[in-house]
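Undergrad: Dropping in model14.pdb, which is PDB, C-alpha atoms, pLDDT in the B column:
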ATOM      1  CA  MET A   1     138.392 165.533  82.636  1.00 50.00           C
ATOM      2  CA  PRO A   2     134.983 164.067  81.652  1.00 51.00           C
ATOM      3  CA  THR A   3     133.489 161.654  84.058  1.00 52.00           C
ATOM      4  CA  ALA A   4     132.471 158.176  82.953  1.00 52.00           C
ATOM      5  CA  PRO A   5     128.743 157.734  82.520  1.00 50.00           C
ATOM      6  CA  HIS A   6     127.070 156.107  85.511  1.00 50.00           C
ATOM      7  CA  THR A   7     125.943 152.535  84.794  1.00 48.00           C
ATOM      8  CA  LYS A   8     123.504 150.550  86.897  1.00 46.00           C
ATOM      9  CA  THR A   9     124.598 147.135  88.018  1.00 45.00           C
ATOM     10  CA  LYS A  10     122.073 144.319  87.944  1.00 47.00           C
ATOM     11  CA  SER A  11     121.268 142.695  91.236  1.00 46.00           C
ATOM     12  CA  ALA A  12     122.494 139.092  91.473  1.00 50.00           C
ATOM     13  CA  THR A  13     119.264 137.989  93.107  1.00 55.00           C
ATOM     14  CA  PRO A  14     116.066 139.554  91.773  1.00 53.00           C
ATOM     15  CA  ARG A  15     113.697 140.842  94.381  1.00 61.00           C
ATOM     16  CA  ALA A  16     110.890 138.396  95.098  1.00 59.00           C
ATOM     17  CA  LYS A  17     107.439 139.485  94.053  1.00 61.00           C
ATOM     18  CA  PRO A  18     105.017 140.102  96.899  1.00 58.00           C
ATOM     19  CA  PRO A  19     102.419 137.373  97.321  1.00 61.00           C
ATOM     20  CA  VAL A  20      99.187 137.965  95.473  1.00 62.00           C
ATOM     21  CA  ALA A  21      96.289 138.513  97.824  1.00 66.00           C
ATOM     22  CA  GLY A  22      93.353 136.191  97.363  1.00 84.00           C
ATOM     23  CA  LYS A  23      93.082 132.437  97.454  1.00 91.00           C
ATOM     24  CA  THR A  24      94.807 130.625 100.323  1.00 96.00           C
ATOM     25  CA  LEU A  25      95.572 127.049 101.298  1.00 97.00           C
ATOM     26  CA  ASP A  26      92.370 127.132 103.363  1.00 97.00           C
ATOM     27  CA  ASP A  27      90.447 127.892 100.175  1.00 97.00           C
ATOM     28  CA  LEU A  28      92.199 125.096  98.286  1.00 98.00           C
ATOM     29  CA  PHE A  29      91.521 122.650 101.122  1.00 98.00           C
ATOM     30  CA  LEU A  30      87.811 123.525 101.138  1.00 98.00           C
ATOM     31  CA  HIS A  31      87.621 123.154  97.358  1.00 98.00           C
ATOM     32  CA  GLY A  32      89.337 119.770  97.596  1.00 98.00           C
ATOM     33  CA  ILE A  33      86.906 118.545 100.249  1.00 98.00           C
ATOM     34  CA  GLN A  34      83.945 119.648  98.132  1.00 98.00           C
ATOM     35  CA  ASP A  35      85.532 117.951  95.118  1.00 98.00           C
ATOM     36  CA  ILE A  36      86.130 114.595  96.842  1.00 98.00           C
ATOM     37  CA  TYR A  37      82.644 114.742  98.405  1.00 98.00           C
ATOM     38  CA  TYR A  38      81.216 114.898  94.887  1.00 98.00           C
ATOM     39  CA  ALA A  39      83.483 112.035  93.816  1.00 98.00           C
ATOM     40  CA  GLU A  40      82.490 109.748  96.693  1.00 98.00           C
ATOM     41  CA  LYS A  41      78.777 110.349  96.139  1.00 98.00           C
ATOM     42  CA  LYS A  42      79.262 109.692  92.416  1.00 97.00           C
ATOM     43  CA  LEU A  43      80.998 106.390  93.154  1.00 97.00           C
ATOM     44  CA  THR A  44      78.182 105.208  95.436  1.00 97.00           C
ATOM     45  CA  LYS A  45      76.042 105.240  92.275  1.00 96.00           C
ATOM     46  CA  ALA A  46      78.686 103.757  89.950  1.00 96.00           C
ATOM     47  CA  LEU A  47      79.773 100.818  92.120  1.00 96.00           C
ATOM     48  CA  PRO A  48      76.367  99.030  92.085  1.00 96.00           C
ATOM     49  CA  LYS A  49      76.597  98.884  88.270  1.00 94.00           C
ATOM     50  CA  MET A  50      80.017  97.228  88.549  1.00 94.00           C
ATOM     51  CA  ILE A  51      78.677  94.794  91.157  1.00 95.00           C
ATOM     52  CA  LYS A  52      75.823  93.819  88.868  1.00 93.00           C
ATOM     53  CA  ALA A  53      78.195  93.275  85.933  1.00 93.00           C
ATOM     54  CA  ALA A  54      80.849  91.317  87.867  1.00 93.00           C
ATOM     55  CA  GLN A  55      80.946  87.579  87.125  1.00 90.00           C
ATOM     56  CA  SER A  56      83.543  86.458  89.674  1.00 91.00           C
ATOM     57  CA  PRO A  57      81.965  85.873  93.115  1.00 92.00           C
ATOM     58  CA  ASP A  58      85.200  87.100  94.719  1.00 92.00           C
ATOM     59  CA  LEU A  59      85.177  90.329  92.746  1.00 94.00           C
ATOM     60  CA  LYS A  60      81.474  90.837  93.391  1.00 94.00           C
ATOM     61  CA  GLU A  61      82.008  90.383  97.141  1.00 94.00           C
ATOM     62  CA  ALA A  62      84.958  92.770  97.153  1.00 93.00           C
ATOM     63  CA  LEU A  63      82.991  95.432  95.277  1.00 95.00           C
ATOM     64  CA  GLU A  64      80.065  95.092  97.689  1.00 95.00           C
ATOM     65  CA  LYS A  65      82.380  95.575 100.656  1.00 94.00           C
ATOM     66  CA  HIS A  66      83.996  98.609  99.076  1.00 96.00           C
ATOM     67  CA  LEU A  67      80.588 100.093  98.328  1.00 96.00           C
ATOM     68  CA  GLY A  68      79.930  99.949 102.064  1.00 97.00           C
ATOM     69  CA  GLU A  69      83.259 101.655 102.707  1.00 97.00           C
ATOM     70  CA  THR A  70      82.499 104.325 100.109  1.00 97.00           C
ATOM     71  CA  GLU A  71      79.215 105.119 101.830  1.00 97.00           C
ATOM     72  CA  GLU A  72      81.190 105.478 105.076  1.00 98.00           C
ATOM     73  CA  HIS A  73      83.623 107.796 103.284  1.00 98.00           C
ATOM     74  CA  VAL A  74      80.745 110.115 102.433  1.00 98.00           C
ATOM     75  CA  THR A  75      79.926 110.335 106.141  1.00 98.00           C
ATOM     76  CA  LYS A  76      83.574 110.855 107.080  1.00 98.00           C
ATOM     77  CA  VAL A  77      83.963 113.703 104.586  1.00 98.00           C
ATOM     78  CA  GLU A  78      80.841 115.268 106.102  1.00 98.00           C
ATOM     79  CA  GLN A  79      82.679 115.117 109.455  1.00 98.00           C
ATOM     80  CA  VAL A  80      85.475 117.173 107.894  1.00 98.00           C
ATOM     81  CA  PHE A  81      82.897 119.733 106.747  1.00 98.00           C
ATOM     82  CA  ALA A  82      81.715 119.907 110.373  1.00 98.00           C
ATOM     83  CA  ILE A  83      85.289 120.579 111.537  1.00 97.00           C
ATOM     84  CA  LEU A  84      85.420 123.428 109.018  1.00 97.00           C
ATOM     85  CA  ASP A  85      82.052 124.654 110.318  1.00 97.00           C
ATOM     86  CA  ARG A  86      80.651 124.339 106.806  1.00 97.00           C
ATOM     87  CA  ALA A  87      77.540 122.651 105.459  1.00 98.00           C
ATOM     88  CA  PRO A  88      78.387 119.691 103.203  1.00 98.00           C
ATOM     89  CA  LYS A  89      78.518 120.847  99.611  1.00 97.00           C
ATOM     90  CA  ALA A  90      79.625 118.966  96.504  1.00 98.00           C
ATOM     91  CA  VAL A  91      81.471 120.753  93.716  1.00 97.00           C
ATOM     92  CA  LYS A  92      81.275 119.126  90.294  1.00 96.00           C
ATOM     93  CA  CYS A  93      84.425 117.141  89.599  1.00 96.00           C
ATOM     94  CA  ALA A  94      85.174 116.770  85.892  1.00 96.00           C
ATOM     95  CA  ALA A  95      87.893 114.211  86.601  1.00 96.00           C
ATOM     96  CA  ILE A  96      85.664 111.654  88.343  1.00 97.00           C
ATOM     97  CA  ASP A  97      82.873 112.320  85.838  1.00 97.00           C
ATOM     98  CA  GLY A  98      85.281 111.379  83.075  1.00 97.00           C
ATOM     99  CA  ILE A  99      86.491 108.256  84.887  1.00 97.00           C
ATOM    100  CA  VAL A 100      82.928 107.067  85.531  1.00 97.00           C
ATOM    101  CA  GLU A 101      81.811 107.867  81.982  1.00 97.00           C
ATOM    102  CA  GLU A 102      84.714 105.866  80.584  1.00 96.00           C
ATOM    103  CA  ALA A 103      83.949 102.988  82.959  1.00 95.00           C
ATOM    104  CA  GLU A 104      80.357 102.869  81.733  1.00 95.00           C
ATOM    105  CA  GLU A 105      81.522 102.739  78.108  1.00 95.00           C
ATOM    106  CA  ILE A 106      83.975  99.942  78.914  1.00 94.00           C
ATOM    107  CA  LEU A 107      81.242  97.980  80.690  1.00 91.00           C
ATOM    108  CA  LYS A 108      79.014  98.281  77.613  1.00 92.00           C
ATOM    109  CA  ASP A 109      81.784  96.858  75.463  1.00 91.00           C
ATOM    110  CA  PHE A 110      83.058  94.116  77.780  1.00 91.00           C
ATOM    111  CA  ALA A 111      80.228  93.207  80.184  1.00 83.00           C
ATOM    112  CA  LYS A 112      79.454  89.466  80.257  1.00 83.00           C
ATOM    113  CA  THR A 113      82.513  88.651  78.129  1.00 86.00           C
ATOM    114  CA  GLN A 114      85.469  86.656  79.429  1.00 86.00           C
ATOM    115  CA  SER A 115      87.286  89.985  79.855  1.00 91.00           C
ATOM    116  CA  GLY A 116      84.420  91.634  81.736  1.00 89.00           C
ATOM    117  CA  ASP A 117      85.863  91.290  85.230  1.00 90.00           C
ATOM    118  CA  ALA A 118      89.288  92.479  84.071  1.00 91.00           C
ATOM    119  CA  ALA A 119      87.561  95.516  82.551  1.00 93.00           C
ATOM    120  CA  ILE A 120      85.831  96.244  85.872  1.00 94.00           C
ATOM    121  CA  ILE A 121      89.150  96.152  87.730  1.00 93.00           C
ATOM    122  CA  PHE A 122      90.740  98.259  84.988  1.00 93.00           C
ATOM    123  CA  SER A 123      88.084 100.926  85.513  1.00 95.00           C
ATOM    124  CA  GLY A 124      87.922 100.568  89.276  1.00 95.00           C
ATOM    125  CA  GLN A 125      91.618 101.191  89.743  1.00 95.00           C
ATOM    126  CA  ALA A 126      91.395 104.407  87.731  1.00 96.00           C
ATOM    127  CA  ALA A 127      88.937 105.699  90.332  1.00 96.00           C
ATOM    128  CA  GLU A 128      91.026 104.403  93.226  1.00 96.00           C
ATOM    129  CA  HIS A 129      94.190 106.093  91.969  1.00 97.00           C
ATOM    130  CA  TYR A 130      92.348 109.395  91.593  1.00 97.00           C
ATOM    131  CA  GLU A 131      91.047 109.169  95.148  1.00 98.00           C
ATOM    132  CA  ILE A 132      94.462 108.205  96.520  1.00 98.00           C
ATOM    133  CA  THR A 133      96.082 111.308  95.021  1.00 97.00           C
ATOM    134  CA  ARG A 134      93.316 113.585  96.292  1.00 98.00           C
ATOM    135  CA  TYR A 135      93.178 112.181  99.818  1.00 98.00           C
ATOM    136  CA  GLY A 136      96.968 112.242 100.048  1.00 98.00           C
ATOM    137  CA  SER A 137      97.055 115.949  99.211  1.00 98.00           C
ATOM    138  CA  LEU A 138      94.092 116.796 101.446  1.00 98.00           C
ATOM    139  CA  ARG A 139      95.641 115.013 104.420  1.00 98.00           C
ATOM    140  CA  ALA A 140      98.890 116.935 103.863  1.00 98.00           C
ATOM    141  CA  PHE A 141      96.974 120.235 103.635  1.00 98.00           C
ATOM    142  CA  ALA A 142      95.125 119.466 106.877  1.00 98.00           C
ATOM    143  CA  GLU A 143      98.410 118.823 108.669  1.00 98.00           C
ATOM    144  CA  VAL A 144      99.914 122.134 107.496  1.00 98.00           C
ATOM    145  CA  LEU A 145      96.736 123.969 108.518  1.00 98.00           C
ATOM    146  CA  GLY A 146      96.888 122.425 111.986  1.00 97.00           C
ATOM    147  CA  MET A 147      93.663 120.456 111.555  1.00 98.00           C
ATOM    148  CA  GLU A 148      94.740 117.283 113.298  1.00 97.00           C
ATOM    149  CA  ASP A 149      91.244 115.791 113.571  1.00 98.00           C
ATOM    150  CA  ALA A 150      90.603 116.331 109.869  1.00 98.00           C
ATOM    151  CA  ALA A 151      94.013 114.894 108.974  1.00 98.00           C
ATOM    152  CA  GLU A 152      93.256 111.760 110.995  1.00 98.00           C
ATOM    153  CA  ILE A 153      89.906 111.261 109.243  1.00 98.00           C
ATOM    154  CA  LEU A 154      91.439 111.767 105.820  1.00 98.00           C
ATOM    155  CA  GLN A 155      94.290 109.381 106.605  1.00 98.00           C
ATOM    156  CA  SER A 156      91.805 106.678 107.599  1.00 98.00           C
ATOM    157  CA  ILE A 157      90.045 107.052 104.241  1.00 98.00           C
ATOM    158  CA  LEU A 158      93.374 107.097 102.391  1.00 98.00           C
ATOM    159  CA  ASP A 159      94.374 103.823 104.062  1.00 97.00           C
ATOM    160  CA  GLN A 160      91.170 102.160 102.881  1.00 97.00           C
ATOM    161  CA  GLU A 161      91.556 103.471  99.330  1.00 96.00           C
ATOM    162  CA  LYS A 162      95.104 102.111  99.156  1.00 96.00           C
ATOM    163  CA  ALA A 163      93.930  98.766 100.507  1.00 95.00           C
ATOM    164  CA  ALA A 164      91.162  98.724  97.896  1.00 95.00           C
ATOM    165  CA  ASP A 165      93.642  99.320  95.104  1.00 94.00           C
ATOM    166  CA  THR A 166      95.912  96.564  96.438  1.00 93.00           C
ATOM    167  CA  LYS A 167      93.008  94.112  96.632  1.00 94.00           C
ATOM    168  CA  LEU A 168      92.017  94.835  93.040  1.00 94.00           C
ATOM    169  CA  SER A 169      95.576  94.098  91.934  1.00 92.00           C
ATOM    170  CA  GLU A 170      95.588  90.853  93.908  1.00 92.00           C
ATOM    171  CA  LEU A 171      92.323  89.678  92.372  1.00 92.00           C
ATOM    172  CA  ALA A 172      93.558  90.542  88.892  1.00 89.00           C
ATOM    173  CA  ASP A 173      96.979  88.920  89.315  1.00 88.00           C
ATOM    174  CA  GLU A 174      95.757  85.783  91.047  1.00 86.00           C
ATOM    175  CA  ARG A 175      92.961  84.844  88.690  1.00 86.00           C
ATOM    176  CA  ILE A 176      90.956  87.406  86.755  1.00 89.00           C
ATOM    177  CA  ASN A 177      93.552  88.469  84.191  1.00 86.00           C
ATOM    178  CA  PHE A 178      94.196  84.797  83.399  1.00 88.00           C
ATOM    179  CA  ALA A 179      90.470  84.204  82.937  1.00 80.00           C
ATOM    180  CA  ALA A 180      90.297  87.209  80.599  1.00 82.00           C
ATOM    181  CA  GLU A 181      92.893  85.487  78.423  1.00 81.00           C
ATOM    182  CA  GLY A 182      90.907  82.260  78.528  1.00 76.00           C
ATOM    183  CA  ARG A 183      93.565  80.462  80.545  1.00 65.00           C
ATOM    184  CA  ASP A 184      93.034  78.143  83.488  1.00 62.00           C
ATOM    185  CA  ASP A 185      96.646  78.043  84.708  1.00 59.00           C
ATOM    186  CA  ALA A 186      96.309  80.872  87.233  1.00 54.00           C
ATOM    187  CA  PRO A 187      98.594  80.687  90.286  1.00 55.00           C
ATOM    188  CA  GLU A 188      97.081  79.215  93.418  1.00 49.00           C
ATOM    189  CA  ALA A 189      95.115  81.933  95.198  1.00 44.00           C
ATOM    190  CA  THR A 190      95.350  82.281  98.965  1.00 42.00           C
ATOM    191  CA  ASP A 191      93.170  84.852 100.609  1.00 41.00           C
ATOM    192  CA  VAL A 192      90.682  84.812  97.728  1.00 39.00           C
ATOM    193  CA  ASP A 193      90.156  81.043  97.946  1.00 41.00           C
ATOM    194  CA  ASN A 194      89.714  81.274 101.700  1.00 38.00           C
ATOM    195  CA  GLY A 195      87.003  83.863 101.326  1.00 38.00           C
ATOM    196  CA  ASN A 196      89.045  86.542 103.062  1.00 38.00           C
ATOM    197  CA  VAL A 197      88.358  89.242 100.520  1.00 35.00           C
ATOM    198  CA  SER A 198      88.367  92.548 102.377  1.00 34.00           C
ATOM    199  CA  TRP A 199      89.211  95.966 101.042  1.00 35.00           C
ATOM    200  CA  GLY A 200      89.119  97.584 104.422  1.00 36.00           C
ATOM    201  CA  SER A 201      92.090  95.931 106.068  1.00 34.00           C
ATOM    202  CA  LYS A 202      95.767  96.660 105.684  1.00 36.00           C
ATOM    203  CA  HIS A 203      98.310  93.873 105.203  1.00 33.00           C
TER     204      HIS A 203
END
Any chance you could give the structure as C-alpha cells?
TA:
Amino acid sequence: MPTAPHTKTKSATPRAKPPVAGKTLDDLFLHGIQDIYYAEKKLTKALPKMIKAAQSPDLKEALEKHLGETEEHVTKVEQVFAILDRAPKAVKCAAIDGIVEEAEEILKDFAKTQSGDAAIIFSGQAAEHYEITRYGSLRAFAEVLGMEDAAEILQSILDQEKAADTKLSELADERINFAAEGRDDAPEATDVDNGNVSWGSKH
C-alpha cells in the first residue's frame, strides 16, 4: 500500500529573527543628546530676534527669561556629555533648522503688525513642542540605561520646557490673541498683570 506523501506543517508562531548587530540604545541616546545640543545652541541665537520683534512688554520679558533658561540648558546638556565621558558635540538637526527658518519667515511677514506677538508665540511653541518630545524620550532612555544623574538633569530641563509652553499659552489666551484680532475685550489677566511672568516655575 503506497504511503501518503509527507507534508510539512507550518509553525503557529514564526521563529523570531535574531537581533541585528550594530546600533544600540546607547548610540541613539548619544545621537539624541548631540541633536538637542545643536537645537539649544540654535535657539540661543533665534530667541534674541523674537525678543527684539516682540511688542508686548510681558511677552518680551518672558522671552528674555527663557533665553536665560535656554543658555542654562546648553550647560546642562554639556553635563550629560560629561556623564557619558564625551566631549560636547552638536549634530545638525534638520527639524530645528526648519522650525527656526519658518519662524524667521513668519517674523518677516508679521513683525510690527497687530498680529506680530501672536506670530511669535505661534513660532515659539513649535520649538517648545519639539524640545518637549526630545527631552521626554531622552529622559526615558537615560532611565532604561541606568543613568540616573543624566535622567535627573534631563527631567529638570523638560520641566522648564513644559512650563515655557504653558506660559506662552497663557499669554496668548489672556491678551495677545485678542490684540491680534484688534479687540480690547480680553479677559482680566492675573499673573501677567502682576508682573509674575516666569517660564521657569511650575504651577
Undergrad: Tell me which residues the PyMOL selection byres ((chain A and resi 99-103) around 9) grabs here, as a JSON list (two decimals) with C-alpha atoms, in the coordinates of the input.
TA:
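So selection.json came out as:
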[["chain", "number", "residue", "atom", "x", "y", "z"],
["A", 42, "LYS", "CA", 79.26, 109.69, 92.42],
["A", 43, "LEU", "CA", 81.00, 106.39, 93.15],
["A", 46, "ALA", "CA", 78.69, 103.76, 89.95],
["A", 50, "MET", "CA", 80.02, 97.23, 88.55],
["A", 94, "ALA", "CA", 85.17, 116.77, 85.89],
["A", 95, "ALA", "CA", 87.89, 114.21, 86.60],
["A", 96, "ILE", "CA", 85.66, 111.65, 88.34],
["A", 97, "ASP", "CA", 82.87, 112.32, 85.84],
["A", 98, "GLY", "CA", 85.28, 111.38, 83.08],
["A", 104, "GLU", "CA", 80.36, 102.87, 81.73],
["A", 105, "GLU", "CA", 81.52, 102.74, 78.11],
["A", 106, "ILE", "CA", 83.98, 99.94, 78.91],
["A", 107, "LEU", "CA", 81.24, 97.98, 80.69],
["A", 108, "LYS", "CA", 79.01, 98.28, 77.61],
["A", 119, "ALA", "CA", 87.56, 95.52, 82.55],
["A", 120, "ILE", "CA", 85.83, 96.24, 85.87],
["A", 122, "PHE", "CA", 90.74, 98.26, 84.99],
["A", 123, "SER", "CA", 88.08, 100.93, 85.51],
["A", 124, "GLY", "CA", 87.92, 100.57, 89.28],
["A", 126, "ALA", "CA", 91.40, 104.41, 87.73],
["A", 127, "ALA", "CA", 88.94, 105.70, 90.33],
["A", 130, "TYR", "CA", 92.35, 109.40, 91.59]]
Undergrad: When distances are computed from all atoms listed in the file, which of A:Asn177, A:Thr44, A:Gln155, A:Gln34 shows the smallest separation from Glu71 (chain A)?
TA: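 Closest to Glu71 (chain A), using all atoms listed in the file: A:Thr44.
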Undergrad: Name the residues that the PyMOL selection byres ((chain A and resi 114) around 9) picks from the file above, as a list in words, using the file's chain letters and numbers.
TA: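 So the PyMOL selection byres ((chain A and resi 114) around 9) ends up selecting Gln55, Phe110, Ala111, Lys112, Thr113, Ser115, Gly116, Asp117, Ala118, Ala179, Ala180, Glu181 and Gly182 of chain A.
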Undergrad: Set the distance at 10 Å and use only C-alpha atoms: which residues neighbour Arg139 (chain A) once local chain neighbours fewer than 6 positions away are removed? I'd like the list as a compact mmCIF listing (two decimals) with C-alpha atoms, keeping the file's coordinate frame.
TA:
# COMPACT_ATOMS: atom_id res chain seq x y z
CA PHE A 29 91.52 122.65 101.12
CA LEU A 145 96.74 123.97 108.52
CA MET A 147 93.66 120.46 111.56
CA GLU A 148 94.74 117.28 113.30
CA ALA A 150 90.60 116.33 109.87
CA ALA A 151 94.01 114.89 108.97
CA GLU A 152 93.26 111.76 111.00
CA ILE A 153 89.91 111.26 109.24
CA LEU A 154 91.44 111.77 105.82
CA GLN A 155 94.29 109.38 106.60
CA SER A 156 91.80 106.68 107.60
CA ILE A 157 90.04 107.05 104.24
CA LEU A 158 93.37 107.10 102.39
Undergrad: Would you mind listing what lies within 9 Å of Glu128 (chain A) as an mmCIF file with C-alpha atoms, in the frame of the given file, with all atoms listed in the file counted and same-chain residues fewer than 5 positions away left out?
TA:
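Wrote it out as around-v7.cif, contents follow:
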data_model
loop_
_atom_site.group_PDB
_atom_site.id
_atom_site.type_symbol
_atom_site.label_atom_id
_atom_site.label_comp_id
_atom_site.auth_asym_id
_atom_site.auth_seq_id
_atom_site.Cartn_x
_atom_site.Cartn_y
_atom_site.Cartn_z
ATOM 1 C CA SER A 123 88.084 100.926 85.513
ATOM 2 C CA THR A 133 96.082 111.308 95.021
ATOM 3 C CA GLU A 161 91.556 103.471 99.330
ATOM 4 C CA LYS A 162 95.104 102.111 99.156
ATOM 5 C CA ALA A 164 91.162 98.724 97.896
ATOM 6 C CA ASP A 165 93.642 99.320 95.104
#
Undergrad: Calculate how many Å separate CA of Pro48 (chain A) from CA of Leu30 (chain A), rounding to one decimal.
TA: 28.5 Å
Undergrad: Please measure the separation of CA of Leu63 (chain A) and CA of Asp173 (chain A), giving the value in Å to one decimal.
TA: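 Distance between the two atoms: 16.5 Å.
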Undergrad: To one decimal place in Å, what is the distance between CA of Thr24 (chain A) and CA of Glu143 (chain A)?
TA: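 Those two atoms sit 14.9 Å apart.
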Undergrad: For the provided coordinates, the residues matched by the PyMOL selection byres ((chain A and resi 69) around 12) should be stated as a PyMOL selection string.
TA: chain A and resi 40-41+43-44+47+62-68+70-76+156-161+163-164+198-201
Undergrad: Have a look at A:Ile36, A:Leu138, A:Leu59, A:Val144 and name the one nearest to Ala172 (chain A); count only C-alpha atoms.
TA: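 So, comparing all the options, the nearest one is A:Leu59.
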Undergrad: For Ile176 (chain A), which residue out of A:Leu25, A:Arg86, A:Ile121, A:Lys45 is the nearest one, using all atoms listed in the file?
TA: A:Ile121
Undergrad: With distances taken over all atoms listed in the file, which residue among A:Ala90, A:Ala39, A:Leu171, A:Ile83 lies nearest Lys60 (chain A)?
TA: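 Of all the options, A:Leu171 lies closest to Lys60 (chain A).
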